[in-house]
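Step one of this worksheet: look at the structure below.
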Amino acid sequence: MRELAAAKCPQCDKIAQYDVAAQTVRCKHCGLKASYEEYIGMMAGRLTTLTPGYRAQSMGEDSGGDK
Ligand SMILES: [Zn+2]
């Protein structure tokens with residue numbers, strides 16, 4: 001039996017499938033296929049590149065910068 005978990009695709013933002021047994025992430029939307037480690041690296045890289053945009057956006061919307 002294959003156990004699949006939904007995972008966000010780092011390439012196209014759609015729902016990819018994480019194959020728990022094979023530790024592989026596959027996205028049928030864009031054809032991505034990556035090992036779990038590669039997937040984590042891709043997501044981490046994405047977060048790094050997206051952070052400035054998120055910051056600019058949240059700073060514009062509300063001034064809750066410090067807690
Ligand atoms: Zn994809």
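Starting from 1 in every chain, residues are counted up; chains themselves are A, B, ... following the order of the structure tokens, and ligands are numbered from 1 as listed.
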Just the residues within 7 Å of Gln17 in chain A, please, counting only C-alpha atoms, with nothing from its chain fewer than 2 positions along; format it as JSON, numbers by chain. {"A": [4, 5, 6, 7, 15, 19, 25, 26, 27]}
Any chance you can output those residues with C-alpha atoms as a CSV table (one decimal), in the first residue's frame?
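And here is the file that came out, out_16.csv:
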chain,number,residue,atom,x,y,z
A,4,LEU,CA,0.7,9.6,-0.1
A,5,ALA,CA,0.6,13.0,1.6
A,6,ALA,CA,-0.2,16.3,0.0
A,7,ALA,CA,2.6,18.7,-0.3
A,15,ILE,CA,-0.7,20.3,-4.7
A,19,ASP,CA,5.2,9.4,-1.4
A,25,VAL,CA,7.7,14.3,-4.0
A,26,ARG,CA,6.0,14.3,-7.3
A,27,CYS,CA,3.8,16.9,-8.9
Per residue of chain A within 7 Å of ligand 1, which atom pair is closest and at what distance in Å (one decimal), using only C-alpha atoms and all ligand atoms, listed by chain and increasing number, as JSON lines?
{"residue": "A:Cys9", "atom": "CA", "partner": "ligand 1", "partner_atom_place_in_ligand_line": "1 (Zn)", "distance": 4.6}
{"residue": "A:Pro10", "atom": "CA", "partner": "ligand 1", "partner_atom_place_in_ligand_line": "1 (Zn)", "distance": 6.6}
{"residue": "A:Gln11", "atom": "CA", "partner": "ligand 1", "partner_atom_place_in_ligand_line": "1 (Zn)", "distance": 4.9}
{"residue": "A:Cys12", "atom": "CA", "partner": "ligand 1", "partner_atom_place_in_ligand_line": "1 (Zn)", "distance": 4.1}
{"residue": "A:Asp13", "atom": "CA", "partner": "ligand 1", "partner_atom_place_in_ligand_line": "1 (Zn)", "distance": 6.1}
{"residue": "A:Lys14", "atom": "CA", "partner": "ligand 1", "partner_atom_place_in_ligand_line": "1 (Zn)", "distance": 5.6}
{"residue": "A:Ala16", "atom": "CA", "partner": "ligand 1", "partner_atom_place_in_ligand_line": "1 (Zn)", "distance": 6.2}
{"residue": "A:Cys27", "atom": "CA", "partner": "ligand 1", "partner_atom_place_in_ligand_line": "1 (Zn)", "distance": 4.6}
{"residue": "A:Lys28", "atom": "CA", "partner": "ligand 1", "partner_atom_place_in_ligand_line": "1 (Zn)", "distance": 6.5}
{"residue": "A:His29", "atom": "CA", "partner": "ligand 1", "partner_atom_place_in_ligand_line": "1 (Zn)", "distance": 4.9}
{"residue": "A:Cys30", "atom": "CA", "partner": "ligand 1", "partner_atom_place_in_ligand_line": "1 (Zn)", "distance": 4.1}
{"residue": "A:Gly31", "atom": "CA", "partner": "ligand 1", "partner_atom_place_in_ligand_line": "1 (Zn)", "distance": 6.2}
{"residue": "A:Leu32", "atom": "CA", "partner": "ligand 1", "partner_atom_place_in_ligand_line": "1 (Zn)", "distance": 5.6}
For the residues selected in the previous step, produce a file with N, CA and C atoms as a compact mmCIF listing (two decimals), in the first residue's frame.
# COMPACT_ATOMS: atom_id res chain seq x y z
N CYS A 9 3.72 22.13 -4.04
CA CYS A 9 4.79 22.07 -5.03
C CYS A 9 5.60 23.35 -5.01
N PRO A 10 6.93 23.23 -4.87
CA PRO A 10 7.77 24.42 -4.85
C PRO A 10 7.87 25.08 -6.22
N GLN A 11 7.49 24.36 -7.25
CA GLN A 11 7.65 24.89 -8.59
C GLN A 11 6.40 25.61 -9.09
N CYS A 12 5.26 25.03 -8.85
CA CYS A 12 4.04 25.62 -9.44
C CYS A 12 2.99 25.97 -8.39
N ASP A 13 3.27 25.73 -7.13
CA ASP A 13 2.36 26.10 -6.04
C ASP A 13 1.09 25.27 -5.97
N LYS A 14 1.00 24.25 -6.80
CA LYS A 14 -0.17 23.40 -6.71
C LYS A 14 0.11 22.25 -5.75
N ALA A 16 1.26 18.86 -4.77
CA ALA A 16 2.06 17.73 -5.20
C ALA A 16 1.83 16.58 -4.22
N CYS A 27 4.93 16.04 -8.55
CA CYS A 27 3.84 16.95 -8.88
C CYS A 27 3.35 16.62 -10.27
N LYS A 28 2.08 16.28 -10.36
CA LYS A 28 1.54 15.92 -11.67
C LYS A 28 1.21 17.17 -12.48
N HIS A 29 1.19 18.31 -11.84
CA HIS A 29 0.84 19.55 -12.55
C HIS A 29 2.01 20.06 -13.40
N CYS A 30 3.21 20.02 -12.83
CA CYS A 30 4.35 20.56 -13.57
C CYS A 30 5.42 19.51 -13.84
N GLY A 31 5.18 18.28 -13.35
CA GLY A 31 6.13 17.21 -13.63
C GLY A 31 7.31 17.17 -12.69
N LEU A 32 7.25 17.92 -11.63
CA LEU A 32 8.36 17.91 -10.66
C LEU A 32 8.52 16.53 -10.05
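Across the model, the gap from CA of Tyr18 in chain A to CA of Ala44 in chain A is 16.6 Å.
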Please list as a ChimeraX atom specification every residue within 9 Å of Met43 in chain A, counting only C-alpha atoms and excluding residues in the same chain fewer than 3 positions away. /A:8-11,38-40,46-48
Please produce a file of the residues just selected, as a compact mmCIF listing (two decimals), in the first residue's frame, where the atoms kept are N, CA and C atoms.
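To be explicit, this is the file written out as selection_15.txt:
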# COMPACT_ATOMS: atom_id res chain seq x y z
N LYS A 8 2.90 20.96 -0.88
CA LYS A 8 2.84 22.07 -1.81
C LYS A 8 4.02 22.00 -2.76
N CYS A 9 3.72 22.13 -4.04
CA CYS A 9 4.79 22.07 -5.03
C CYS A 9 5.60 23.35 -5.01
N PRO A 10 6.93 23.23 -4.87
CA PRO A 10 7.77 24.42 -4.85
C PRO A 10 7.87 25.08 -6.22
N GLN A 11 7.49 24.36 -7.25
CA GLN A 11 7.65 24.89 -8.59
C GLN A 11 6.40 25.61 -9.09
N GLU A 38 15.63 17.14 -1.52
CA GLU A 38 15.62 18.15 -2.58
C GLU A 38 14.40 19.06 -2.43
N TYR A 39 13.30 18.43 -2.09
CA TYR A 39 12.06 19.19 -1.91
C TYR A 39 12.21 20.22 -0.80
N ILE A 40 12.76 19.78 0.33
CA ILE A 40 12.96 20.69 1.45
C ILE A 40 13.89 21.84 1.03
N ARG A 46 12.90 28.85 -1.79
CA ARG A 46 11.75 29.68 -2.13
C ARG A 46 11.43 30.66 -1.03
N LEU A 47 11.43 30.18 0.19
CA LEU A 47 11.11 31.05 1.32
C LEU A 47 12.09 32.20 1.39
N THR A 48 13.35 31.89 1.13
CA THR A 48 14.37 32.93 1.18
C THR A 48 14.10 34.00 0.13
